[in-house]
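Engineer: Contents of start_2.txt (compact mmCIF, C-alpha atoms and all ligand atoms) are given next:
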# COMPACT_ATOMS: atom_id res chain seq x y z
CA MET A 13 -10.47 -21.84 48.27
CA LYS A 14 -10.71 -25.47 49.35
CA ASN A 15 -10.46 -24.51 53.01
CA LEU A 16 -13.33 -22.05 53.04
CA ASP A 17 -15.75 -22.76 55.89
CA LYS A 18 -18.31 -25.33 54.67
CA ASN A 19 -21.08 -23.74 56.72
CA GLU A 20 -23.32 -21.04 55.28
CA TYR A 21 -23.58 -17.90 57.41
CA PHE A 22 -25.71 -15.78 55.05
CA PHE A 23 -28.47 -17.99 53.76
CA GLY A 24 -32.20 -17.74 53.08
CA HIS A 25 -31.91 -13.96 52.73
CA LYS A 26 -34.34 -11.95 50.62
CA ALA A 27 -31.87 -10.31 48.20
CA CYS A 28 -32.95 -10.19 44.55
CA ALA A 29 -31.89 -13.18 42.45
CA GLY A 30 -28.30 -12.71 41.32
CA CYS A 31 -27.37 -10.07 43.92
CA GLY A 32 -23.65 -9.27 43.92
CA GLY A 33 -23.79 -7.79 47.43
CA ALA A 34 -25.22 -11.03 48.83
CA LEU A 35 -22.37 -12.98 47.20
CA ALA A 36 -19.80 -10.57 48.69
CA VAL A 37 -21.25 -11.00 52.20
CA ARG A 38 -21.65 -14.77 51.89
CA ILE A 39 -18.06 -15.34 50.75
CA ALA A 40 -16.60 -12.96 53.35
CA LEU A 41 -18.38 -14.81 56.16
CA LYS A 42 -17.30 -18.19 54.80
CA THR A 43 -13.74 -16.86 54.85
CA LEU A 44 -13.92 -15.41 58.37
CA GLY A 45 -15.96 -18.21 59.95
CA GLU A 46 -18.39 -18.27 62.84
CA ARG A 47 -16.33 -15.98 65.09
CA ALA A 48 -17.10 -13.07 62.77
CA VAL A 49 -19.37 -10.47 64.33
CA ALA A 50 -21.09 -8.61 61.52
CA VAL A 51 -22.38 -5.05 61.49
CA LEU A 52 -24.82 -4.02 58.76
CA PRO A 53 -26.05 -0.46 58.42
CA ALA A 54 -29.26 0.49 56.63
CA GLY A 55 -28.97 -0.75 53.05
CA CYS A 56 -29.87 -3.81 51.03
CA MET A 57 -27.84 -6.32 53.05
CA SER A 58 -29.54 -5.45 56.33
CA ALA A 59 -32.94 -5.16 54.64
CA VAL A 60 -32.66 -8.64 53.14
CA GLY A 61 -31.00 -10.29 56.14
CA PHE A 62 -33.15 -9.17 59.08
CA ASN A 63 -36.92 -9.53 58.68
CA PHE A 64 -38.27 -10.42 62.11
CA PRO A 65 -38.63 -13.23 63.01
CA GLN A 66 -36.24 -14.18 60.22
CA LEU A 67 -32.49 -13.80 60.67
CA ALA A 68 -30.55 -14.95 57.63
CA PHE A 69 -27.20 -14.65 59.43
CA ALA A 70 -25.98 -17.73 61.27
CA ASN A 71 -23.23 -15.81 63.07
CA ASN A 72 -23.66 -12.80 65.36
CA ALA A 73 -24.95 -9.90 63.32
CA ILE A 74 -26.47 -6.54 64.16
CA ILE A 75 -27.92 -3.57 62.29
CA SER A 76 -26.28 -0.19 62.87
CA THR A 77 -27.46 3.30 62.04
CA PHE A 78 -26.84 4.23 58.42
CA ALA A 79 -23.87 6.43 59.29
CA GLY A 80 -22.53 4.36 62.16
CA THR A 81 -21.04 1.12 60.75
CA ALA A 82 -17.49 1.92 61.80
CA SER A 83 -18.40 3.29 65.23
CA MET A 84 -20.49 0.22 66.00
CA LEU A 85 -17.55 -1.98 64.96
CA THR A 86 -15.35 -0.05 67.39
CA GLY A 87 -17.92 -0.55 70.12
CA ILE A 88 -18.17 -4.28 69.45
CA VAL A 89 -14.40 -4.72 69.63
CA SER A 90 -14.22 -2.79 72.92
CA GLY A 91 -17.22 -4.59 74.39
CA LEU A 92 -16.04 -8.08 73.49
CA ARG A 93 -12.52 -7.33 74.73
CA ALA A 94 -13.92 -6.07 78.02
CA ARG A 95 -15.68 -9.42 78.35
CA GLY A 96 -12.40 -11.20 77.76
CA GLU A 97 -13.31 -12.53 74.30
CA THR A 98 -10.51 -13.21 71.83
CA GLY A 99 -10.25 -14.69 68.32
CA PHE A 100 -13.18 -12.84 66.81
CA THR A 101 -13.35 -10.49 63.80
CA ALA A 102 -15.58 -7.43 63.89
CA VAL A 103 -16.60 -7.02 60.26
CA GLY A 104 -18.84 -4.37 58.71
CA PHE A 105 -20.70 -4.65 55.41
CA ALA A 106 -21.79 -1.24 54.22
CA GLY A 107 -22.99 -0.10 50.83
CA ASP A 108 -21.39 2.57 48.68
CA GLY A 109 -23.79 5.23 50.01
CA GLY A 110 -23.28 4.04 53.58
CA THR A 111 -19.51 4.20 53.10
CA ALA A 112 -18.49 7.02 50.77
CA ASP A 113 -21.30 9.41 51.71
CA ILE A 114 -23.02 9.17 55.08
CA GLY A 115 -20.61 6.81 56.87
CA ILE A 116 -17.33 8.35 55.81
CA GLN A 117 -16.85 10.35 59.01
CA ALA A 118 -17.22 7.35 61.33
CA LEU A 119 -14.99 5.30 59.03
CA SER A 120 -12.33 8.01 58.95
CA GLY A 121 -12.36 8.22 62.75
CA ALA A 122 -12.01 4.46 63.19
CA ILE A 123 -9.09 4.33 60.74
CA ASP A 124 -7.45 7.26 62.51
CA ARG A 125 -7.72 5.44 65.86
CA ASN A 126 -6.49 2.29 64.09
CA ASP A 127 -9.27 0.30 65.75
CA ASP A 128 -9.06 -3.45 65.12
CA ILE A 129 -11.92 -3.63 62.62
CA LEU A 130 -12.50 -4.96 59.11
CA TYR A 131 -14.71 -2.65 57.06
CA ILE A 132 -16.04 -4.08 53.80
CA CYS A 133 -17.80 -1.75 51.38
CA TYR A 134 -19.93 -3.68 48.90
CA ASP A 135 -20.16 -1.25 46.04
CA ASN A 136 -23.24 -1.56 43.83
CA GLU A 137 -22.73 2.05 42.74
CA ALA A 138 -26.00 3.58 43.99
CA TYR A 139 -28.45 3.68 46.91
CA MET A 140 -30.20 0.51 45.84
CA ASN A 141 -32.39 -0.25 48.84
CA THR A 142 -34.31 3.00 48.48
CA GLY A 143 -34.75 2.67 44.72
CA VAL A 144 -31.47 3.50 42.94
CA GLN A 145 -30.38 7.02 43.86
CA LYS A 146 -26.94 8.35 42.94
CA SER A 147 -24.17 8.08 45.53
CA SER A 148 -20.66 9.50 45.28
CA LEU A 149 -19.58 6.05 44.04
CA THR A 150 -21.99 6.05 41.10
CA PRO A 151 -19.83 6.16 37.95
CA PHE A 152 -19.96 8.84 35.28
CA GLY A 153 -22.91 8.51 32.92
CA ALA A 154 -24.94 6.04 35.01
CA ARG A 155 -28.67 6.58 35.01
CA THR A 156 -30.23 6.60 38.48
CA THR A 157 -33.56 7.99 39.70
CA THR A 158 -31.78 11.16 40.85
CA THR A 159 -29.56 11.39 37.76
CA PRO A 160 -32.04 10.57 34.99
CA ALA A 161 -31.04 10.29 31.36
CA GLY A 162 -32.37 13.38 29.63
CA ASP A 163 -31.49 15.12 26.38
CA ARG A 164 -29.15 17.66 27.95
CA ILE A 165 -27.86 15.85 31.02
CA ARG A 166 -27.37 12.16 30.37
CA GLY A 167 -27.14 10.41 33.72
CA ASN A 168 -24.54 11.11 36.39
CA ILE A 169 -22.26 14.02 35.52
CA ARG A 170 -19.78 13.32 38.34
CA GLU A 171 -16.89 10.88 38.42
CA LYS A 172 -16.80 7.98 40.86
CA LYS A 173 -15.21 9.09 44.14
CA ARG A 174 -11.73 7.68 44.73
CA MET A 175 -12.69 6.00 47.97
CA PHE A 176 -9.79 3.55 48.02
CA GLU A 177 -7.27 6.40 47.72
CA ILE A 178 -9.11 8.38 50.42
CA VAL A 179 -8.89 5.41 52.79
CA ALA A 180 -5.23 4.80 51.91
CA ALA A 181 -4.43 8.49 52.51
CA HIS A 182 -5.18 7.85 56.21
CA GLY A 183 -2.14 5.58 56.27
CA ILE A 184 -4.42 2.61 57.04
CA SER A 185 -2.85 -0.73 58.06
CA TYR A 186 -4.38 -2.59 55.10
CA ALA A 187 -6.76 -1.70 52.26
CA ALA A 188 -7.74 -3.39 49.02
CA THR A 189 -10.19 -3.29 46.16
CA ALA A 190 -11.84 -6.53 45.04
CA SER A 191 -14.57 -7.86 42.78
CA VAL A 192 -17.12 -10.66 43.09
CA GLY A 193 -15.88 -11.63 39.62
CA TYR A 194 -12.48 -12.52 41.15
CA LEU A 195 -13.41 -14.48 44.25
CA ARG A 196 -10.00 -16.05 44.82
CA ASP A 197 -8.40 -12.60 44.96
CA TYR A 198 -11.23 -11.37 47.24
CA VAL A 199 -10.79 -14.29 49.65
CA GLU A 200 -7.01 -13.80 49.78
CA LYS A 201 -7.48 -10.13 50.61
CA ILE A 202 -9.98 -10.90 53.38
CA ARG A 203 -7.54 -13.45 54.85
CA LYS A 204 -4.70 -10.94 54.71
CA ALA A 205 -6.86 -8.26 56.26
CA ALA A 206 -8.06 -10.55 59.05
CA ALA A 207 -4.45 -11.32 59.98
CA VAL A 208 -3.59 -7.65 60.46
CA ARG A 209 -4.25 -5.98 63.81
CA GLY A 210 -5.69 -2.51 63.28
CA ALA A 211 -8.07 -0.91 60.81
CA LYS A 212 -8.64 -2.71 57.49
CA TYR A 213 -10.77 -1.72 54.50
CA ILE A 214 -11.88 -3.79 51.50
CA HIS A 215 -13.86 -2.23 48.68
CA VAL A 216 -15.61 -4.94 46.68
CA LEU A 217 -17.43 -4.33 43.40
CA ALA A 218 -20.82 -6.03 43.68
CA PRO A 219 -23.13 -5.66 40.67
CA CYS A 220 -26.85 -5.19 41.28
CA PRO A 221 -29.04 -6.57 38.48
CA THR A 222 -32.01 -4.50 39.69
CA GLY A 223 -30.21 -1.16 39.67
CA TRP A 224 -27.87 -1.79 36.76
CA GLY A 225 -30.49 -3.12 34.37
CA THR A 226 -28.69 -6.40 33.80
CA GLY A 227 -29.69 -10.05 33.85
CA ALA A 228 -29.64 -11.92 37.18
CA ASP A 229 -27.20 -14.45 35.70
CA GLU A 230 -24.74 -11.75 34.53
CA THR A 231 -23.55 -10.49 37.93
CA VAL A 232 -20.31 -12.45 38.23
CA GLU A 233 -19.41 -11.99 34.58
CA LEU A 234 -19.98 -8.21 34.79
CA ALA A 235 -17.88 -7.95 37.94
CA ALA A 236 -15.00 -9.75 36.21
CA GLU A 237 -15.45 -7.74 33.03
CA ALA A 238 -15.28 -4.42 34.93
CA VAL A 239 -11.82 -5.47 36.09
CA ASP A 240 -10.71 -6.88 32.74
CA CYS A 241 -11.66 -3.81 30.70
CA GLY A 242 -9.73 -1.57 33.09
CA LEU A 243 -12.68 0.23 34.71
CA PHE A 244 -12.20 -1.29 38.15
CA PRO A 245 -8.53 -2.02 38.99
CA LEU A 246 -7.78 -4.58 41.69
CA ARG A 247 -5.34 -3.08 44.14
CA GLU A 248 -3.85 -3.29 47.58
CA PHE A 249 -2.38 -0.81 50.02
CA SER A 250 -0.12 -1.98 52.82
CA ASP A 251 3.04 -0.76 54.54
CA GLY A 252 2.40 2.61 52.93
CA LYS A 253 2.67 1.21 49.41
CA PHE A 254 0.18 0.68 46.57
CA ARG A 255 0.22 -2.51 44.55
CA VAL A 256 -1.90 -3.76 41.65
CA THR A 257 -2.95 -7.39 42.31
CA ILE A 258 -4.46 -8.17 38.91
CA ARG A 259 -3.10 -5.89 36.23
CA ARG A 260 -5.24 -5.07 33.18
CA THR A 261 -4.58 -2.39 30.56
CA PRO A 262 -7.74 -0.39 29.80
CA ASN A 263 -9.25 -1.53 26.53
CA ALA A 264 -11.57 0.87 24.69
CA GLY A 265 -13.48 -1.87 22.85
CA ALA A 266 -13.99 -3.87 26.04
CA ILE A 267 -15.17 -0.79 27.97
CA ARG A 268 -17.63 -0.04 25.18
CA ALA A 269 -19.02 -3.59 25.26
CA HIS A 270 -19.19 -3.56 29.07
CA LEU A 271 -21.25 -0.35 29.10
CA ALA A 272 -23.49 -1.46 26.25
CA ARG A 273 -24.84 -4.47 28.10
CA GLN A 274 -26.06 -2.44 31.10
CA GLY A 275 -29.43 -0.67 31.07
CA ARG A 276 -28.08 2.17 33.22
CA PHE A 277 -25.64 3.21 30.42
CA ARG A 278 -27.82 2.56 27.38
CA HIS A 279 -28.56 6.27 26.78
CA LEU A 280 -24.88 7.27 26.50
CA THR A 281 -23.79 9.05 23.34
CA GLU A 282 -20.53 8.33 21.50
CA GLU A 283 -19.06 11.43 23.16
CA ASP A 284 -20.02 10.16 26.64
CA ILE A 285 -18.46 6.77 25.98
CA GLU A 286 -15.25 8.44 24.76
CA HIS A 287 -15.25 10.38 28.02
CA VAL A 288 -15.52 7.17 30.09
CA ILE A 289 -12.67 5.67 28.08
CA SER A 290 -10.42 8.71 28.62
CA LEU A 291 -11.25 8.84 32.36
CA THR A 292 -10.31 5.16 32.65
CA ALA A 293 -7.04 5.69 30.79
CA ALA A 294 -6.17 8.69 32.97
CA ARG A 295 -6.80 6.72 36.16
CA SER A 296 -4.80 3.80 34.88
CA ASN A 297 -1.79 6.03 34.14
CA HIS A 298 -2.15 7.40 37.65
CA LEU A 299 -1.68 3.84 39.00
CA MET B 96 -22.95 -28.51 57.27
CA LYS B 97 -24.59 -25.83 59.39
CA LYS B 98 -26.73 -23.08 57.90
CA PRO B 99 -29.85 -21.08 58.71
CA TYR B 100 -32.91 -23.31 58.44
CA LEU B 101 -36.71 -23.21 58.43
CA ARG B 102 -38.18 -23.32 61.93
CA ALA B 103 -41.47 -24.77 63.07
CA LYS B 104 -42.56 -21.59 64.80
CA SER B 105 -43.12 -18.91 62.19
CA ALA B 106 -45.67 -16.53 63.67
CA PHE B 107 -45.03 -14.33 66.69
CA SER B 108 -47.56 -12.20 68.50
CA ILE B 109 -46.49 -8.72 69.48
CA ASP B 110 -46.02 -9.68 73.15
CA GLU B 111 -43.56 -12.38 72.10
CA TYR B 112 -41.27 -9.88 70.39
CA PRO B 113 -37.86 -9.76 72.08
CA ASP B 114 -37.35 -6.80 74.49
CA SER B 115 -33.71 -6.46 73.50
CA ALA B 116 -32.02 -6.39 70.11
CA SER B 117 -31.22 -10.11 70.40
CA PHE B 118 -32.86 -12.95 68.53
CA THR B 119 -31.88 -16.47 67.46
CA ALA B 120 -29.37 -16.43 64.60
CA GLY B 121 -30.07 -18.45 61.45
CA TYR B 122 -33.82 -18.37 61.98
CA LEU B 123 -35.90 -18.73 58.80
CA THR B 124 -39.66 -18.99 58.50
CA THR B 125 -40.31 -18.68 54.76
CA SER B 126 -38.59 -20.29 51.78
CA ASN B 127 -37.54 -18.51 48.57
CA GLY B 128 -38.14 -21.34 46.10
CA GLY B 129 -41.35 -19.74 44.82
CA TRP B 130 -39.35 -16.83 43.38
CA ARG B 131 -37.92 -19.06 40.70
CA SER B 132 -39.01 -19.18 37.07
CA LEU B 133 -36.01 -21.32 36.05
CA ARG B 134 -34.58 -24.27 37.96
CA PRO B 135 -30.92 -25.31 37.79
CA ARG B 136 -30.39 -28.99 37.07
CA PRO B 137 -26.80 -30.22 37.51
CA ASP B 138 -25.79 -33.22 35.41
CA ALA B 139 -23.28 -35.28 37.40
CA SER B 140 -22.04 -37.02 34.26
CA LYS B 141 -20.78 -33.70 32.83
CA CYS B 142 -19.58 -32.23 36.14
CA VAL B 143 -15.81 -31.98 36.72
CA MET B 144 -16.28 -31.13 40.43
CA CYS B 145 -14.56 -27.75 40.16
CA GLY B 146 -16.92 -26.21 42.74
CA GLN B 147 -17.27 -22.92 40.85
CA CYS B 148 -21.09 -23.08 40.93
CA TYR B 149 -21.05 -23.64 44.69
CA LEU B 150 -18.61 -20.77 45.18
CA HIS B 151 -20.44 -18.17 43.08
CA CYS B 152 -24.02 -18.79 44.15
CA PRO B 153 -25.21 -15.59 45.92
CA ASP B 154 -27.63 -17.69 47.95
CA GLY B 155 -25.33 -20.53 48.92
CA THR B 156 -27.87 -23.04 47.66
CA ILE B 157 -25.49 -25.39 45.84
CA TYR B 158 -23.95 -28.00 48.08
CA LEU B 159 -21.95 -31.17 47.83
CA ASP B 160 -24.39 -33.95 48.63
CA ASP B 161 -22.52 -36.43 50.84
CA ALA B 162 -24.95 -39.22 49.95
CA THR B 163 -24.36 -39.04 46.17
CA GLY B 164 -20.95 -37.31 46.10
CA SER B 165 -22.37 -34.83 43.53
CA TYR B 166 -23.37 -31.18 43.64
CA ALA B 167 -27.06 -30.63 44.36
CA VAL B 168 -29.37 -27.62 44.67
CA ASP B 169 -31.41 -26.65 47.72
CA LEU B 170 -34.67 -25.92 45.90
CA ASP B 171 -36.28 -24.38 48.99
CA PHE B 172 -33.91 -21.43 48.71
CA CYS B 173 -32.51 -21.31 45.15
CA LYS B 174 -33.91 -18.25 43.35
CA GLY B 175 -33.07 -19.44 39.85
CA CYS B 176 -30.68 -16.60 39.02
CA GLY B 177 -28.67 -18.78 36.62
CA ILE B 178 -25.22 -17.68 37.83
CA CYS B 179 -24.25 -21.31 38.50
CA ALA B 180 -25.19 -22.40 34.97
CA ARG B 181 -23.26 -19.51 33.46
CA ILE B 182 -20.08 -20.05 35.50
CA CYS B 183 -19.96 -23.79 34.71
CA LYS B 184 -17.31 -24.34 32.02
CA PRO B 185 -18.42 -27.84 30.93
CA ARG B 186 -22.05 -26.61 30.88
CA ALA B 187 -23.14 -29.27 33.32
CA ILE B 188 -26.01 -27.18 34.69
CA ALA B 189 -29.16 -26.69 32.62
CA MET B 190 -31.78 -24.07 33.52
CA ILE B 191 -35.21 -25.68 33.14
CA PRO B 192 -38.43 -23.61 33.15
CA GLU B 193 -40.39 -24.26 36.35
CA SER B 194 -43.47 -24.76 34.20
CA ALA B 195 -41.75 -27.78 32.63
CA VAL B 196 -40.93 -29.61 35.87
C1 LIG C 1 -29.99 8.35 58.44
C2 LIG C 1 -30.70 7.60 57.37
N1 LIG C 1 -30.94 8.20 56.18
C3 LIG C 1 -31.57 7.53 55.19
C4 LIG C 1 -31.97 6.24 55.38
C5 LIG C 1 -32.70 5.53 54.27
N2 LIG C 1 -31.91 4.51 53.60
C6 LIG C 1 -31.96 3.23 53.97
S1 LIG C 1 -31.05 2.22 53.02
C7 LIG C 1 -30.57 3.51 52.05
C8 LIG C 1 -29.71 3.26 50.84
C9 LIG C 1 -28.41 2.62 51.13
O1 LIG C 1 -27.56 2.68 50.01
P1 LIG C 1 -26.16 1.95 50.06
O2 LIG C 1 -25.43 2.31 51.30
O3 LIG C 1 -25.45 2.18 48.78
O4 LIG C 1 -26.56 0.40 50.20
P2 LIG C 1 -27.45 -0.46 49.16
O5 LIG C 1 -28.89 -0.24 49.53
O6 LIG C 1 -27.13 0.00 47.79
O7 LIG C 1 -27.04 -1.86 49.41
C10 LIG C 1 -31.12 4.72 52.50
C11 LIG C 1 -30.92 6.02 51.86
C12 LIG C 1 -31.71 5.64 56.63
N3 LIG C 1 -32.05 4.38 56.90
N4 LIG C 1 -31.08 6.33 57.60
S1 LIG C 2 -31.54 -4.15 44.80
FE1 LIG C 2 -29.53 -4.83 44.08
S2 LIG C 2 -28.16 -4.78 45.90
FE2 LIG C 2 -30.31 -4.72 46.60
S3 LIG C 2 -30.84 -6.86 47.02
FE3 LIG C 2 -31.49 -6.39 44.90
S4 LIG C 2 -29.75 -7.00 43.63
FE4 LIG C 2 -28.99 -6.85 45.73
S1 LIG C 3 -19.37 -25.50 37.97
FE1 LIG C 3 -20.11 -27.20 36.70
S2 LIG C 3 -18.36 -28.60 36.60
FE2 LIG C 3 -17.95 -27.20 38.30
S3 LIG C 3 -18.80 -28.27 40.10
FE3 LIG C 3 -20.42 -26.96 39.31
S4 LIG C 3 -21.61 -28.27 37.96
FE4 LIG C 3 -19.65 -29.29 38.30
S1 LIG C 4 -29.73 -20.56 40.11
FE1 LIG C 4 -28.71 -18.96 41.35
S2 LIG C 4 -29.59 -19.25 43.40
FE2 LIG C 4 -30.01 -21.13 42.26
S3 LIG C 4 -28.28 -22.46 42.73
FE3 LIG C 4 -27.79 -21.41 40.80
S4 LIG C 4 -26.57 -19.65 41.48
FE4 LIG C 4 -27.66 -20.41 43.29
MG MG C 5 -25.37 0.88 47.13
Write the structure described by the file as structure tokens, please.
Ligand SMILES: Cc1ncc(C[n+]2csc(CCOP(=O)(O)OP(=O)(O)O)c2C)c(N)n1
Ligand code: SF4
Ligand code: SF4
Ligand code: SF4
Ligand SMILES: [Mg+2]
Structural biologist:
Amino acid sequence: MKNLDKNEYFFGHKACAGCGGALAVRIALKTLGERAVAVLPAGCMSAVGFNFPQLAFANNAIISTFAGTASMLTGIVSGLRARGETGFTAVGFAGDGGTADIGIQALSGAIDRNDDILYICYDNEAYMNTGVQKSSLTPFGARTTTTPAGDRIRGNIREKKRMFEIVAAHGISYAATASVGYLRDYVEKIRKAAAVRGAKYIHVLAPCPTGWGTGADETVELAAEAVDCGLFPLREFSDGKFRVTIRRTPNAGAIRAHLARQGRFRHLTEEDIEHVISLTAARSNHL
Amino acid sequence: MKKPYLRAKSAFSIDEYPDSASFTAGYLTTSNGGWRSLRPRPDASKCVMCGQCYLHCPDGTIYLDDATGSYAVDLDFCKGCGICARICKPRAIAMIPESAV
């Protein structure tokens, strides 16, 4: 951690106080340095970074279409190579909606071509920039504006999509999950990814106080707690093999406490919470 | 240390808008300090220089002040989220209400 770039490449942005996504982008750019060329699709990180005439990125950064993060990364790599540039990293920062829903086709294509790109999905578990709509990475039970908490249906009825497994199933060069609550692990994974030639994917859990109904000061703690209680395992995929980087056994009491402190889960019944606990245990056995 | 900074020219007329998608990187025209209701105040006498506050700040507004050798806060851009105070093991950062400073 000592040799992170001292410069700030994502600074003065307009993200809400305590934004996990902003922390994920800031730390990634401090790890990659000024030769990182960033692509940001529609979503909070582009909305808070580019407000003409303000540009909160100090490195080269560009907004892509919502669906086109990966294809723009491919284009940047080809374009810079054609100009004879070397020693740069084309890095994308897309939200969970931008990645697991609308951008999945472009991402799948880029992985299939094994283009030399680093794709980082900052997962705040909903479409935050447009006012908290459910995405396929919204977890079971979470209240969003499109999955309200009613008497019969209490929040999201679907499970969180297994995006990391989907990416790994392409036989990608390198993939990992990470959390802004474990920055050392996140930085190590970015460094590893940057050293690999080919397609790389990092899925980083990035709490959103606005959408989760949590305090601005709780972001880092929540991101660590999600890992510690077993809900969000930290993993790696390389050379065709899965590995757990920080192993935690799911703990029912800790999961309960983790859900209880978030506004988006406050409506859950005992039965719903039991369901979350059993889903977590099932996934953990699967690892 | 390099980082985006406030520029003298903040207003642009429509005919000054760039024709292409390119514009100067790290160009800021408004500060974020006014968002704050609480202000972090690091106490150098309690600080063990672990750097955790600097690392975890989503806004990158904690920096090592070369002049004093201690961690300081860029109050033009700190939003007062309180993450730094919470991550600090020796509790060297107090969050003070803006109304009290
Ligand atoms: C093709 C297209 N559809 C819809 C939108 C509107 N839109 C902008 S940001 C956004 C939400 C993005 O959600 P996510 O990718 O999870 O990022 P977050 O805002 O949560 O950071 C949507 C739906 C758009 N810009 N383009
Ligand atoms: S809505 Fe959430 S993700 Fe978007 S800027 Fe605010 S805290 Fe960050
Ligand atoms: S986290 Fe606390 S002890 Fe560590 S550098 Fe910051 S103020 Fe000092
Ligand atoms: S209060 Fe938040 S924005 Fe301000 S220095 Fe601390 S962590 Fe950074
Ligand atoms: Mg999102």
Engineer: Name the residues, by chain letter and number, that sit within 7 Å of ligand LIG 2 (chain C) using all atoms listed in the file, and give them as a PyMOL selection string.
Structural biologist: chain A and resi 27-34+56-57+60+136+140-141+220-223
Engineer: For the residues selected in the previous step, produce a file with C-alpha atoms as an mmCIF file, in the coordinates of the input.
Structural biologist:
data_model
loop_
_atom_site.group_PDB
_atom_site.id
_atom_site.type_symbol
_atom_site.label_atom_id
_atom_site.label_comp_id
_atom_site.auth_asym_id
_atom_site.auth_seq_id
_atom_site.Cartn_x
_atom_site.Cartn_y
_atom_site.Cartn_z
ATOM 1 C CA ALA A 27 -31.870 -10.310 48.200
ATOM 2 C CA CYS A 28 -32.950 -10.190 44.550
ATOM 3 C CA ALA A 29 -31.890 -13.180 42.450
ATOM 4 C CA GLY A 30 -28.300 -12.710 41.320
ATOM 5 C CA CYS A 31 -27.370 -10.070 43.920
ATOM 6 C CA GLY A 32 -23.650 -9.270 43.920
ATOM 7 C CA GLY A 33 -23.790 -7.790 47.430
ATOM 8 C CA ALA A 34 -25.220 -11.030 48.830
ATOM 9 C CA CYS A 56 -29.870 -3.810 51.030
ATOM 10 C CA MET A 57 -27.840 -6.320 53.050
ATOM 11 C CA VAL A 60 -32.660 -8.640 53.140
ATOM 12 C CA ASN A 136 -23.240 -1.560 43.830
ATOM 13 C CA MET A 140 -30.200 0.510 45.840
ATOM 14 C CA ASN A 141 -32.390 -0.250 48.840
ATOM 15 C CA CYS A 220 -26.850 -5.190 41.280
ATOM 16 C CA PRO A 221 -29.040 -6.570 38.480
ATOM 17 C CA THR A 222 -32.010 -4.500 39.690
ATOM 18 C CA GLY A 223 -30.210 -1.160 39.670
#
Engineer: For ligand LIG 4 (chain C), return the neighbouring residues as a VMD selection string (distance at most 10 Å; only C-alpha atoms and all ligand atoms).
Structural biologist: (chain A and resid 28 to 31 35 228 to 229) or (chain B and resid 127 to 128 131 to 137 147 to 158 167 to 182 188 to 190)
Engineer: What residues have any atom no more than 7 Å from ligand LIG 1 (chain C) when counting all atoms listed in the file, and can you list them as a PyMOL selection string?
Structural biologist: chain A and resi 54-57+77-79+106-111+135-142+147
Engineer: Could you list as a VMD selection string every residue that has an atom within 12 Å of (-4.3, -12.5, 46.5), using the file's coordinates and counting only C-alpha atoms?
Structural biologist: chain A and resid 13 188 to 191 194 to 205 246 to 248 255 to 258
Engineer: Quote the spacing between atom CA of Gly129 of chain B and atom CA of Val196 of chain B in Å to one decimal place.
Structural biologist: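 Pair atom CA of Gly129 of chain B / atom CA of Val196 of chain B returns 13.3 Å.
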Engineer: What does the structure give for the distance between atom CA of Ala187 of chain A and atom CA of Leu217 of chain A, in Å to one decimal?
Structural biologist: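 Taking atom CA of Ala187 of chain A and atom CA of Leu217 of chain A, their separation equals 14.1 Å.
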Engineer: Atom CA of Glu177 of chain A and atom CA of Ile289 of chain A are how many Å apart?
Structural biologist: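 Taking atom CA of Glu177 of chain A and atom CA of Ile289 of chain A, their separation equals 20.4 Å.
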Engineer: Near Phe107 of chain B, within 10 Å and counting all atoms listed in the file, which residues show up once chain neighbours fewer than 4 positions away are dropped, as a compact mmCIF listing (two decimals) with C-alpha atoms, keeping the file's coordinate frame?
Structural biologist:
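And here is the file that came out, around_11.txt:
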# COMPACT_ATOMS: atom_id res chain seq x y z
CA PHE A 64 -38.27 -10.42 62.11
CA PRO A 65 -38.63 -13.23 63.01
CA GLU B 111 -43.56 -12.38 72.10
CA TYR B 112 -41.27 -9.88 70.39
Engineer: Which neighbours of segment 230-235 of chain A fall inside 6 Å, counting only C-alpha atoms, when residues of the same chain fewer than 3 positions from it are skipped, and could you give them as a PyMOL selection string?
Structural biologist: chain A and resi 191-193+219+227+238
Engineer: Nearest to Lys141 of chain B among B:Asp110, B:Ser165, B:Ala103, B:Ser117, with distances taken over only C-alpha atoms: which residue is it?
Structural biologist: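 The answer is B:Ser165, which sits nearest to Lys141 of chain B.
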Engineer: Hey, what's within 9 Å of Glu171 of chain A if we count only C-alpha atoms and toss same-chain stuff fewer than 5 positions away? As a ChimeraX atom specification, please?
Structural biologist: /A:148-153,291
Engineer: Need to verify the contact set: segment 119-122 of chain B, 7 Å, only C-alpha atoms, exclusion of same-chain residues closer than 2 positions in sequence. Can you return it as a list in words?
Structural biologist: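 These residues fall inside the cut-off: Gln66, Leu67, Ala68, Phe69, Ala70, Asn71 and Asn72 of chain A; Lys98, Pro99, Tyr100, Leu101, Arg102 and Thr124 of chain B.
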Engineer: Check the smallest atom-to-atom distance from each of A:Ala266, A:Ala112, A:Met84, A:Ala94 to Val179 of chain A using all atoms listed in the file, then report the winner.
Structural biologist: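 Between A:Ala266, A:Ala112, A:Met84, A:Ala94, the residue approaching Val179 of chain A most closely is A:Ala112.
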Engineer: With distances taken over all atoms listed in the file, which of A:Val89, A:Ile129, A:Ala218, A:Ile116 is nearest to chain B?
Structural biologist: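 Smallest separation from chain B among the options: A:Ala218.
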Engineer: From the options A:Gly265, A:Pro53, A:Gly162, A:Gly24, which residue's atoms come nearest to chain B, counting all atoms listed in the file?
Structural biologist: A:Gly24
Engineer: So which one's closest to Met96 of chain B, B:Asp114, B:Gly146, B:Trp130, B:Leu159? Using only C-alpha atoms, please.
Structural biologist: B:Leu159
